[in-house]
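Structure below is start19.cif: mmCIF, C-alpha atoms and all ligand atoms; chains and numbers go by the auth columns.
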data_coords
loop_
_atom_site.group_PDB
_atom_site.id
_atom_site.type_symbol
_atom_site.label_atom_id
_atom_site.label_comp_id
_atom_site.label_asym_id
_atom_site.label_seq_id
_atom_site.Cartn_x
_atom_site.Cartn_y
_atom_site.Cartn_z
_atom_site.B_iso_or_equiv
_atom_site.auth_seq_id
_atom_site.auth_asym_id
ATOM 1 C CA MET A 1 28.958 13.152 9.161 0.00 27 B
ATOM 2 C CA ALA A 2 26.395 10.362 8.757 0.00 28 B
ATOM 3 C CA ALA A 3 22.945 10.948 10.217 0.00 29 B
ATOM 4 C CA LYS A 4 22.110 9.076 13.401 0.00 30 B
ATOM 5 C CA LEU A 5 19.978 5.983 12.769 0.00 31 B
ATOM 6 C CA ILE A 6 16.474 5.691 14.238 0.00 32 B
ATOM 7 C CA ASP A 7 15.136 2.526 15.898 0.00 33 B
ATOM 8 C CA LEU A 8 11.812 1.572 14.363 0.00 34 B
ATOM 9 C CA SER A 9 9.297 -1.160 15.256 0.00 35 B
ATOM 10 C CA PHE A 10 6.174 -1.901 13.279 0.00 36 B
ATOM 11 C CA THR A 11 4.029 -4.751 11.986 0.00 37 B
ATOM 12 C CA LEU A 12 4.386 -5.751 8.342 0.00 38 B
ATOM 13 C CA ASN A 13 1.777 -8.114 6.950 0.00 39 B
ATOM 14 C CA GLY A 14 1.207 -9.487 10.446 0.00 40 B
ATOM 15 C CA ARG A 15 4.899 -9.914 11.271 0.00 41 B
ATOM 16 C CA LYS A 16 6.728 -7.779 13.861 0.00 42 B
ATOM 17 C CA VAL A 17 9.677 -5.905 12.373 0.00 43 B
ATOM 18 C CA LYS A 18 12.504 -4.058 14.157 0.00 44 B
ATOM 19 C CA VAL A 19 14.981 -2.088 12.077 0.00 45 B
ATOM 20 C CA GLN A 20 17.269 0.907 12.199 0.00 46 B
ATOM 21 C CA ILE A 21 16.705 3.506 9.507 0.00 47 B
ATOM 22 C CA ALA A 22 18.177 6.787 8.356 0.00 48 B
ATOM 23 C CA PRO A 23 15.881 9.705 9.299 0.00 49 B
ATOM 24 C CA ASP A 24 15.136 10.487 5.656 0.00 50 B
ATOM 25 C CA THR A 25 14.038 6.955 4.719 0.00 51 B
ATOM 26 C CA MET A 26 10.685 6.907 2.970 0.00 52 B
ATOM 27 C CA LEU A 27 8.209 4.107 3.618 0.00 53 B
ATOM 28 C CA PHE A 28 8.330 2.638 0.096 0.00 54 B
ATOM 29 C CA ALA A 29 12.121 2.203 0.343 0.00 55 B
ATOM 30 C CA LEU A 30 11.847 0.534 3.743 0.00 56 B
ATOM 31 C CA LEU A 31 9.179 -1.859 2.477 0.00 57 B
ATOM 32 C CA ARG A 32 11.285 -2.765 -0.551 0.00 58 B
ATOM 33 C CA GLU A 33 14.215 -3.456 1.782 0.00 59 B
ATOM 34 C CA GLN A 34 11.897 -5.752 3.744 0.00 60 B
ATOM 35 C CA GLY A 35 11.277 -7.820 0.612 0.00 61 B
ATOM 36 C CA CYS A 36 7.952 -6.367 -0.470 0.00 62 B
ATOM 37 C CA ALA A 37 8.577 -6.354 -4.213 0.00 63 B
ATOM 38 C CA SER A 38 4.976 -5.339 -4.928 0.00 64 B
ATOM 39 C CA VAL A 39 5.674 -1.864 -3.515 0.00 65 B
ATOM 40 C CA ARG A 40 6.922 0.173 -6.419 0.00 66 B
ATOM 41 C CA CYS A 41 7.714 3.817 -6.820 0.00 67 B
ATOM 42 C CA ALA A 42 7.374 5.718 -10.074 0.00 68 B
ATOM 43 C CA CYS A 43 6.430 9.383 -9.770 0.00 69 B
ATOM 44 C CA GLU A 44 7.483 10.082 -6.133 0.00 70 B
ATOM 45 C CA THR A 45 5.063 13.031 -6.301 0.00 71 B
ATOM 46 C CA THR A 46 1.814 11.424 -5.023 0.00 72 B
ATOM 47 C CA ASN A 47 0.345 11.348 -8.543 0.00 73 B
ATOM 48 C CA CYS A 48 0.414 7.769 -9.815 0.00 74 B
ATOM 49 C CA GLY A 49 -0.784 5.646 -6.863 0.00 75 B
ATOM 50 C CA LEU A 50 1.670 2.899 -7.706 0.00 76 B
ATOM 51 C CA CYS A 51 3.197 2.918 -4.214 0.00 77 B
ATOM 52 C CA THR A 52 -0.131 2.420 -2.365 0.00 78 B
ATOM 53 C CA VAL A 53 -0.003 0.331 0.814 0.00 79 B
ATOM 54 C CA TRP A 54 -2.294 0.224 3.839 0.00 80 B
ATOM 55 C CA LEU A 55 -1.308 2.007 7.046 0.00 81 B
ATOM 56 C CA ASP A 56 -3.496 0.715 9.889 0.00 82 B
ATOM 57 C CA GLY A 57 -5.905 -0.479 7.207 0.00 83 B
ATOM 58 C CA ASP A 58 -6.160 2.760 5.247 0.00 84 B
ATOM 59 C CA PRO A 59 -4.532 3.301 1.838 0.00 85 B
ATOM 60 C CA VAL A 60 -1.541 5.671 1.853 0.00 86 B
ATOM 61 C CA LEU A 61 1.008 6.638 -0.765 0.00 87 B
ATOM 62 C CA SER A 62 4.203 5.158 0.631 0.00 88 B
ATOM 63 C CA CYS A 63 6.350 7.519 -1.467 0.00 89 B
ATOM 64 C CA SER A 64 5.083 10.392 0.682 0.00 90 B
ATOM 65 C CA VAL A 65 5.241 8.779 4.140 0.00 91 B
ATOM 66 C CA PRO A 66 8.461 9.096 6.122 0.00 92 B
ATOM 67 C CA ALA A 67 9.232 5.618 7.442 0.00 93 B
ATOM 68 C CA ALA A 68 9.728 6.997 10.957 0.00 94 B
ATOM 69 C CA ARG A 69 5.981 7.734 11.068 0.00 95 B
ATOM 70 C CA VAL A 70 5.067 4.019 11.141 0.00 96 B
ATOM 71 C CA GLU A 71 6.460 3.401 14.641 0.00 97 B
ATOM 72 C CA GLY A 72 4.072 1.018 16.397 0.00 98 B
ATOM 73 C CA ARG A 73 1.707 0.888 13.435 0.00 99 B
ATOM 74 C CA SER A 74 0.606 -1.805 11.027 0.00 100 B
ATOM 75 C CA ILE A 75 1.500 -1.909 7.330 0.00 101 B
ATOM 76 C CA THR A 76 -0.156 -4.155 4.780 0.00 102 B
ATOM 77 C CA THR A 77 1.202 -4.684 1.298 0.00 103 B
ATOM 78 C CA LEU A 78 -0.005 -6.856 -1.534 0.00 104 B
ATOM 79 C CA GLU A 79 2.173 -9.662 -0.151 0.00 105 B
ATOM 80 C CA GLY A 80 -0.128 -9.694 2.887 0.00 106 B
ATOM 81 C CA LEU A 81 -3.306 -9.947 0.807 0.00 107 B
ATOM 82 C CA LYS A 82 -2.534 -12.900 -1.442 0.00 108 B
ATOM 83 C CA ALA A 83 -5.955 -14.614 -1.402 0.00 109 B
ATOM 84 C CA GLU A 84 -7.921 -11.416 -1.928 0.00 110 B
ATOM 85 C CA SER A 85 -5.559 -10.023 -4.539 0.00 111 B
ATOM 86 C CA GLU A 86 -5.423 -13.252 -6.540 0.00 112 B
ATOM 87 C CA ALA A 87 -9.213 -13.290 -6.826 0.00 113 B
ATOM 88 C CA LEU A 88 -9.200 -9.686 -8.030 0.00 114 B
ATOM 89 C CA ALA A 89 -6.349 -10.325 -10.469 0.00 115 B
ATOM 90 C CA ARG A 90 -8.293 -13.277 -11.933 0.00 116 B
ATOM 91 C CA ALA A 91 -11.390 -11.084 -12.300 0.00 117 B
ATOM 92 C CA MET A 92 -9.340 -8.361 -14.024 0.00 118 B
ATOM 93 C CA ALA A 93 -7.863 -10.915 -16.423 0.00 119 B
ATOM 94 C CA ALA A 94 -11.296 -12.402 -17.136 0.00 120 B
ATOM 95 C CA GLU A 95 -12.580 -8.933 -18.054 0.00 121 B
ATOM 96 C CA GLY A 96 -9.521 -8.129 -20.177 0.00 122 B
ATOM 97 C CA ALA A 97 -8.588 -5.364 -17.739 0.00 123 B
ATOM 98 C CA GLU A 98 -4.965 -6.357 -17.179 0.00 124 B
ATOM 99 C CA GLN A 99 -2.268 -4.481 -19.015 0.00 125 B
ATOM 100 C CA CYS A 100 1.455 -4.868 -18.475 0.00 126 B
ATOM 101 C CA GLY A 101 0.875 -5.318 -14.726 0.00 127 B
ATOM 102 C CA PHE A 102 3.387 -2.707 -13.570 0.00 128 B
ATOM 103 C CA CYS A 103 0.735 -0.471 -11.992 0.00 129 B
ATOM 104 C CA ALA A 104 -1.511 -3.323 -10.808 0.00 130 B
ATOM 105 C CA PRO A 105 -0.278 -3.473 -7.165 0.00 131 B
ATOM 106 C CA GLY A 106 -1.361 0.099 -6.342 0.00 132 B
ATOM 107 C CA LEU A 107 -4.674 -0.334 -8.126 0.00 133 B
ATOM 108 C CA ILE A 108 -5.392 -3.634 -6.374 0.00 134 B
ATOM 109 C CA MET A 109 -4.546 -2.161 -2.946 0.00 135 B
ATOM 110 C CA ASN A 110 -7.063 0.654 -3.512 0.00 136 B
ATOM 111 C CA VAL A 111 -9.792 -1.625 -4.894 0.00 137 B
ATOM 112 C CA LEU A 112 -9.395 -4.035 -1.966 0.00 138 B
ATOM 113 C CA ALA A 113 -9.579 -1.110 0.490 0.00 139 B
ATOM 114 C CA LEU A 114 -12.860 -0.019 -1.115 0.00 140 B
ATOM 115 C CA ALA A 115 -14.181 -3.584 -0.996 0.00 141 B
ATOM 116 C CA ARG A 116 -13.256 -4.000 2.681 0.00 142 B
ATOM 117 C CA ALA A 117 -14.859 -0.687 3.606 0.00 143 B
ATOM 118 C CA ALA A 118 -18.076 -1.680 1.794 0.00 144 B
ATOM 119 C CA LYS A 119 -18.050 -5.091 3.495 0.00 145 B
ATOM 120 C CA GLU A 120 -17.686 -3.496 6.941 0.00 146 B
ATOM 121 C CA ASP A 121 -20.375 -0.903 6.201 0.00 147 B
ATOM 122 C CA PRO A 122 -22.737 -1.904 3.361 0.00 148 B
ATOM 123 C CA SER A 123 -24.044 1.677 3.206 0.00 149 B
ATOM 124 C CA LEU A 124 -20.646 2.601 1.717 0.00 150 B
ATOM 125 C CA VAL A 125 -21.253 0.726 -1.550 0.00 151 B
ATOM 126 C CA ALA A 126 -19.974 3.185 -4.112 0.00 152 B
ATOM 127 C CA THR A 127 -21.411 4.237 -7.429 0.00 153 B
ATOM 128 C CA ARG A 128 -19.393 3.793 -10.613 0.00 154 B
ATOM 129 C CA GLU A 129 -18.553 7.529 -10.474 0.00 155 B
ATOM 130 C CA GLU A 130 -17.362 7.298 -6.863 0.00 156 B
ATOM 131 C CA VAL A 131 -15.189 4.302 -7.657 0.00 157 B
ATOM 132 C CA SER A 132 -13.765 6.182 -10.626 0.00 158 B
ATOM 133 C CA ARG A 133 -12.955 9.151 -8.387 0.00 159 B
ATOM 134 C CA GLN A 134 -11.397 6.911 -5.717 0.00 160 B
ATOM 135 C CA LEU A 135 -9.162 5.229 -8.284 0.00 161 B
ATOM 136 C CA ALA A 136 -8.301 8.382 -10.222 0.00 162 B
ATOM 137 C CA GLY A 137 -4.801 8.351 -8.760 0.00 163 B
ATOM 138 C CA ASN A 138 -4.143 4.958 -10.266 0.00 164 B
HETATM 139 S S1 LIG B . 5.152 6.669 -6.590 0.00 1 I
HETATM 140 FE FE1 LIG B . 3.542 7.694 -7.604 0.00 1 I
HETATM 141 S S2 LIG B . 2.177 8.157 -5.981 0.00 1 I
HETATM 142 FE FE2 LIG B . 3.868 7.251 -4.980 0.00 1 I
#
Go ahead and render the structure in this file as structure tokens.
Amino acid sequence: MAAKLIDLSFTLNGRKVKVQIAPDTMLFALLREQGCASVRCACETTNCGLCTVWLDGDPVLSCSVPAARVEGRSITTLEGLKAESEALARAMAAEGAEQCGFCAPGLIMNVLALARAAKEDPSLVATREEVSRQLAGN
């Protein structure tokens, strides 16, 4: 017998979304279904950071978040941060820091979260070691 579907409403990159999902749907799969190609899943074990998105402005690993938990909440993916992410991608390219690009979305989401936090509270400017620790998952 098929599992009963769950009604779910949330905001995705500023747009209201209403869907029905299976109870075991994970957030990364839902976001991919919604056309967010930047959200990728590799390890599915919370180790690689590739699936990072923002949940109410905070980075989360979408491979470990049941989609049902985002009811009424706000999700931001790289598609919702085009201007900021393009500037960072250009800076990475200028420094020779780009590689194949597969893991870039998760890394960029975490770097932009750090940058936003530091902008909101300048006392949060991190040291090189702190940034390294914050990005260790990527
Ligand atoms: S897919 Fe690797 S942390 Fe989510």
Exercise for review: Taking the file above as input, evaluate the PyMOL selection byres (((chain B and resi 135-139) around 9) and not hetatm) and report the hits as a ChimeraX atom specification.
Suggested key: /B:75,78-80,83-85,103-104,107,110-111,114,130-134,140-144,157,160-161,164
Do you have, as a Markdown table, the list of residues of chain B lying at most 9 Å from ligand LIG 1 (chain I), each with its nearest atom pair and that distance in Å to one decimal, counting all atoms listed in the file and ordered by chain then number?
| residue | atom | partner | partner_atom | distance |
| --- | --- | --- | --- | --- |
| B:Phe54 | CA | I:LIG1 | FE2 | 8.2 |
| B:Arg66 | CA | I:LIG1 | S1 | 6.7 |
| B:Cys67 | CA | I:LIG1 | S1 | 3.8 |
| B:Ala68 | CA | I:LIG1 | S1 | 4.2 |
| B:Cys69 | CA | I:LIG1 | FE1 | 4.0 |
| B:Glu70 | CA | I:LIG1 | S1 | 4.2 |
| B:Thr71 | CA | I:LIG1 | S2 | 5.7 |
| B:Thr72 | CA | I:LIG1 | S2 | 3.4 |
| B:Asn73 | CA | I:LIG1 | S2 | 4.5 |
| B:Cys74 | CA | I:LIG1 | FE1 | 3.8 |
| B:Gly75 | CA | I:LIG1 | S2 | 4.0 |
| B:Leu76 | CA | I:LIG1 | FE1 | 5.1 |
| B:Cys77 | CA | I:LIG1 | FE2 | 4.5 |
| B:Thr78 | CA | I:LIG1 | FE2 | 6.8 |
| B:Val86 | CA | I:LIG1 | FE2 | 8.9 |
| B:Leu87 | CA | I:LIG1 | FE2 | 5.1 |
| B:Ser88 | CA | I:LIG1 | FE2 | 6.0 |
| B:Cys89 | CA | I:LIG1 | FE2 | 4.3 |
| B:Ser90 | CA | I:LIG1 | FE2 | 6.6 |
| B:Gly132 | CA | I:LIG1 | S2 | 8.8 |
| B:Gly163 | CA | I:LIG1 | S2 | 7.5 |
| B:Asn164 | CA | I:LIG1 | S2 | 8.3 |
Please write the residues from the selection above to a file, keeping C-alpha atoms, as a CSV table (one decimal), in the frame of the given file.
chain,number,residue,atom,x,y,z
B,54,PHE,CA,8.3,2.6,0.1
B,66,ARG,CA,6.9,0.2,-6.4
B,67,CYS,CA,7.7,3.8,-6.8
B,68,ALA,CA,7.4,5.7,-10.1
B,69,CYS,CA,6.4,9.4,-9.8
B,70,GLU,CA,7.5,10.1,-6.1
B,71,THR,CA,5.1,13.0,-6.3
B,72,THR,CA,1.8,11.4,-5.0
B,73,ASN,CA,0.3,11.3,-8.5
B,74,CYS,CA,0.4,7.8,-9.8
B,75,GLY,CA,-0.8,5.6,-6.9
B,76,LEU,CA,1.7,2.9,-7.7
B,77,CYS,CA,3.2,2.9,-4.2
B,78,THR,CA,-0.1,2.4,-2.4
B,86,VAL,CA,-1.5,5.7,1.9
B,87,LEU,CA,1.0,6.6,-0.8
B,88,SER,CA,4.2,5.2,0.6
B,89,CYS,CA,6.4,7.5,-1.5
B,90,SER,CA,5.1,10.4,0.7
B,132,GLY,CA,-1.4,0.1,-6.3
B,163,GLY,CA,-4.8,8.4,-8.8
B,164,ASN,CA,-4.1,5.0,-10.3
Might I get the box with edges along x, y and z of the file that holds all atoms of range 38-56 of chain B listed there, padded by 3 Å on every side, given as centre and edge lengths in Å to one decimal, as JSON?
{"center_x": 9.7, "center_y": 0.3, "center_z": 7.1, "size_x": 23.0, "size_y": 26.4, "size_z": 20.1}
**Study point:** Distance in Å - CA of Leu31 in chain B versus CA of Ala94 in chain B
**Key:** 10.5 Å
Practice item. For each of B:Ala63, B:Leu53, B:Ile101, B:Glu121, take the minimum atom-to-atom distance to Leu38 in chain B, counting all atoms listed in the file, then give the residue where this is smallest. Key: B:Ile101
Check your understanding: What is the distance, in Å and to one decimal place, between CA of Thr51 in chain B and CA of Gly106 in chain B?
Key ->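 According to the coordinates, CA of Thr51 in chain B and CA of Gly106 in chain B are separated by 21.9 Å.
The coordinates place CA of Arg58 in chain B at 21.6 Å from CA of Ala115 in chain B.
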**Study point:** Nearest to Ile32 in chain B, chosen from B:Ser64, B:Asp82, B:Glu112, B:Val96, with all atoms listed in the file counted in the distances
**Key:**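 Looking only at the distances to Ile32 in chain B, the closest residue turns out to be B:Val96.
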Review point. Nearest to Arg41 in chain B: which of B:Ala28, B:Gln60, B:Lys145, B:Ala55 is it, counting all atoms listed in the file?
Key: B:Gln60
Would you pick out the contacts of Ala29 in chain B at 10 Å or less, using all atoms listed in the file, so that residues sharing its chain but fewer than 2 positions from it are not included, and give the list as a short mmCIF file (atom, residue, chain, number, x, y, z; two decimals) with C-alpha atoms, in the coordinates of the input?
data_model
loop_
_atom_site.label_atom_id
_atom_site.label_comp_id
_atom_site.auth_asym_id
_atom_site.auth_seq_id
_atom_site.Cartn_x
_atom_site.Cartn_y
_atom_site.Cartn_z
CA MET B 27 28.96 13.15 9.16
CA LEU B 31 19.98 5.98 12.77
CA ILE B 32 16.47 5.69 14.24
CA ILE B 47 16.70 3.51 9.51
CA ALA B 48 18.18 6.79 8.36
CA PRO B 49 15.88 9.70 9.30
CA ASP B 50 15.14 10.49 5.66
#
Revision key, fill the gap. If you count all atoms listed in the file, the residue of B:Glu97, B:Cys126, B:Glu146, B:Glu156 closest to Lys42 in chain B turns out to be B:Glu97
Some atoms are missing, so please complete range 106-138 of chain B with N, CA and C atoms and return it as a short mmCIF file (atom, residue, chain, number, x, y, z; two decimals), in the frame of the given file.
data_model
loop_
_atom_site.label_atom_id
_atom_site.label_comp_id
_atom_site.auth_asym_id
_atom_site.auth_seq_id
_atom_site.Cartn_x
_atom_site.Cartn_y
_atom_site.Cartn_z
N GLY B 106 0.70 -9.29 1.75
CA GLY B 106 -0.13 -9.69 2.89
C GLY B 106 -1.58 -9.95 2.52
N LEU B 107 -1.92 -9.81 1.25
CA LEU B 107 -3.31 -9.95 0.81
C LEU B 107 -3.41 -10.93 -0.36
N LYS B 108 -2.63 -11.99 -0.29
CA LYS B 108 -2.53 -12.90 -1.44
C LYS B 108 -3.89 -13.45 -1.90
N ALA B 109 -4.68 -13.99 -0.99
CA ALA B 109 -5.96 -14.61 -1.40
C ALA B 109 -6.87 -13.60 -2.05
N GLU B 110 -7.03 -12.44 -1.38
CA GLU B 110 -7.92 -11.42 -1.93
C GLU B 110 -7.40 -10.87 -3.25
N SER B 111 -6.10 -10.64 -3.33
CA SER B 111 -5.56 -10.02 -4.54
C SER B 111 -5.57 -10.99 -5.71
N GLU B 112 -5.39 -12.28 -5.44
CA GLU B 112 -5.42 -13.25 -6.54
C GLU B 112 -6.82 -13.33 -7.15
N ALA B 113 -7.84 -13.26 -6.31
CA ALA B 113 -9.21 -13.29 -6.83
C ALA B 113 -9.48 -12.06 -7.69
N LEU B 114 -9.01 -10.91 -7.25
CA LEU B 114 -9.20 -9.69 -8.03
C LEU B 114 -8.39 -9.73 -9.33
N ALA B 115 -7.18 -10.22 -9.26
CA ALA B 115 -6.35 -10.32 -10.47
C ALA B 115 -7.00 -11.26 -11.49
N ARG B 116 -7.59 -12.36 -11.01
CA ARG B 116 -8.29 -13.28 -11.93
C ARG B 116 -9.49 -12.58 -12.58
N ALA B 117 -10.23 -11.80 -11.77
CA ALA B 117 -11.39 -11.08 -12.30
C ALA B 117 -10.95 -10.05 -13.34
N MET B 118 -9.85 -9.35 -13.05
CA MET B 118 -9.34 -8.36 -14.02
C MET B 118 -8.94 -9.05 -15.32
N ALA B 119 -8.29 -10.19 -15.22
CA ALA B 119 -7.86 -10.92 -16.42
C ALA B 119 -9.08 -11.40 -17.20
N ALA B 120 -10.09 -11.89 -16.47
CA ALA B 120 -11.30 -12.40 -17.14
C ALA B 120 -12.03 -11.31 -17.90
N GLU B 121 -11.92 -10.06 -17.40
CA GLU B 121 -12.58 -8.93 -18.05
C GLU B 121 -11.66 -8.24 -19.06
N GLY B 122 -10.46 -8.76 -19.24
CA GLY B 122 -9.52 -8.13 -20.18
C GLY B 122 -8.99 -6.81 -19.66
N ALA B 123 -8.99 -6.64 -18.33
CA ALA B 123 -8.59 -5.36 -17.74
C ALA B 123 -7.11 -5.30 -17.36
N GLU B 124 -6.39 -6.43 -17.54
CA GLU B 124 -4.96 -6.36 -17.18
C GLU B 124 -4.19 -5.74 -18.34
N GLN B 125 -3.14 -5.05 -17.98
CA GLN B 125 -2.27 -4.48 -19.02
C GLN B 125 -0.90 -5.09 -18.77
N CYS B 126 0.13 -4.28 -18.67
CA CYS B 126 1.46 -4.87 -18.48
C CYS B 126 1.64 -5.35 -17.04
N GLY B 127 0.81 -4.87 -16.11
CA GLY B 127 0.88 -5.32 -14.73
C GLY B 127 1.73 -4.44 -13.83
N PHE B 128 2.49 -3.51 -14.40
CA PHE B 128 3.39 -2.71 -13.57
C PHE B 128 2.62 -1.90 -12.53
N CYS B 129 1.48 -1.33 -12.92
CA CYS B 129 0.74 -0.47 -11.99
C CYS B 129 -0.31 -1.25 -11.19
N ALA B 130 -0.45 -2.54 -11.45
CA ALA B 130 -1.51 -3.32 -10.81
C ALA B 130 -1.45 -3.31 -9.28
N PRO B 131 -0.27 -3.41 -8.64
CA PRO B 131 -0.28 -3.47 -7.16
C PRO B 131 -0.99 -2.29 -6.50
N GLY B 132 -0.72 -1.07 -6.95
CA GLY B 132 -1.36 0.10 -6.34
C GLY B 132 -2.85 0.10 -6.58
N LEU B 133 -3.25 -0.27 -7.79
CA LEU B 133 -4.67 -0.33 -8.13
C LEU B 133 -5.37 -1.39 -7.27
N ILE B 134 -4.78 -2.54 -7.15
CA ILE B 134 -5.39 -3.63 -6.37
C ILE B 134 -5.50 -3.24 -4.91
N MET B 135 -4.48 -2.58 -4.36
CA MET B 135 -4.55 -2.16 -2.95
C MET B 135 -5.71 -1.20 -2.73
N ASN B 136 -5.95 -0.29 -3.67
CA ASN B 136 -7.06 0.65 -3.51
C ASN B 136 -8.41 -0.02 -3.71
N VAL B 137 -8.52 -0.92 -4.67
CA VAL B 137 -9.79 -1.62 -4.89
C VAL B 137 -10.13 -2.49 -3.68
N LEU B 138 -9.14 -3.19 -3.13
CA LEU B 138 -9.40 -4.04 -1.97
C LEU B 138 -9.77 -3.19 -0.74
#
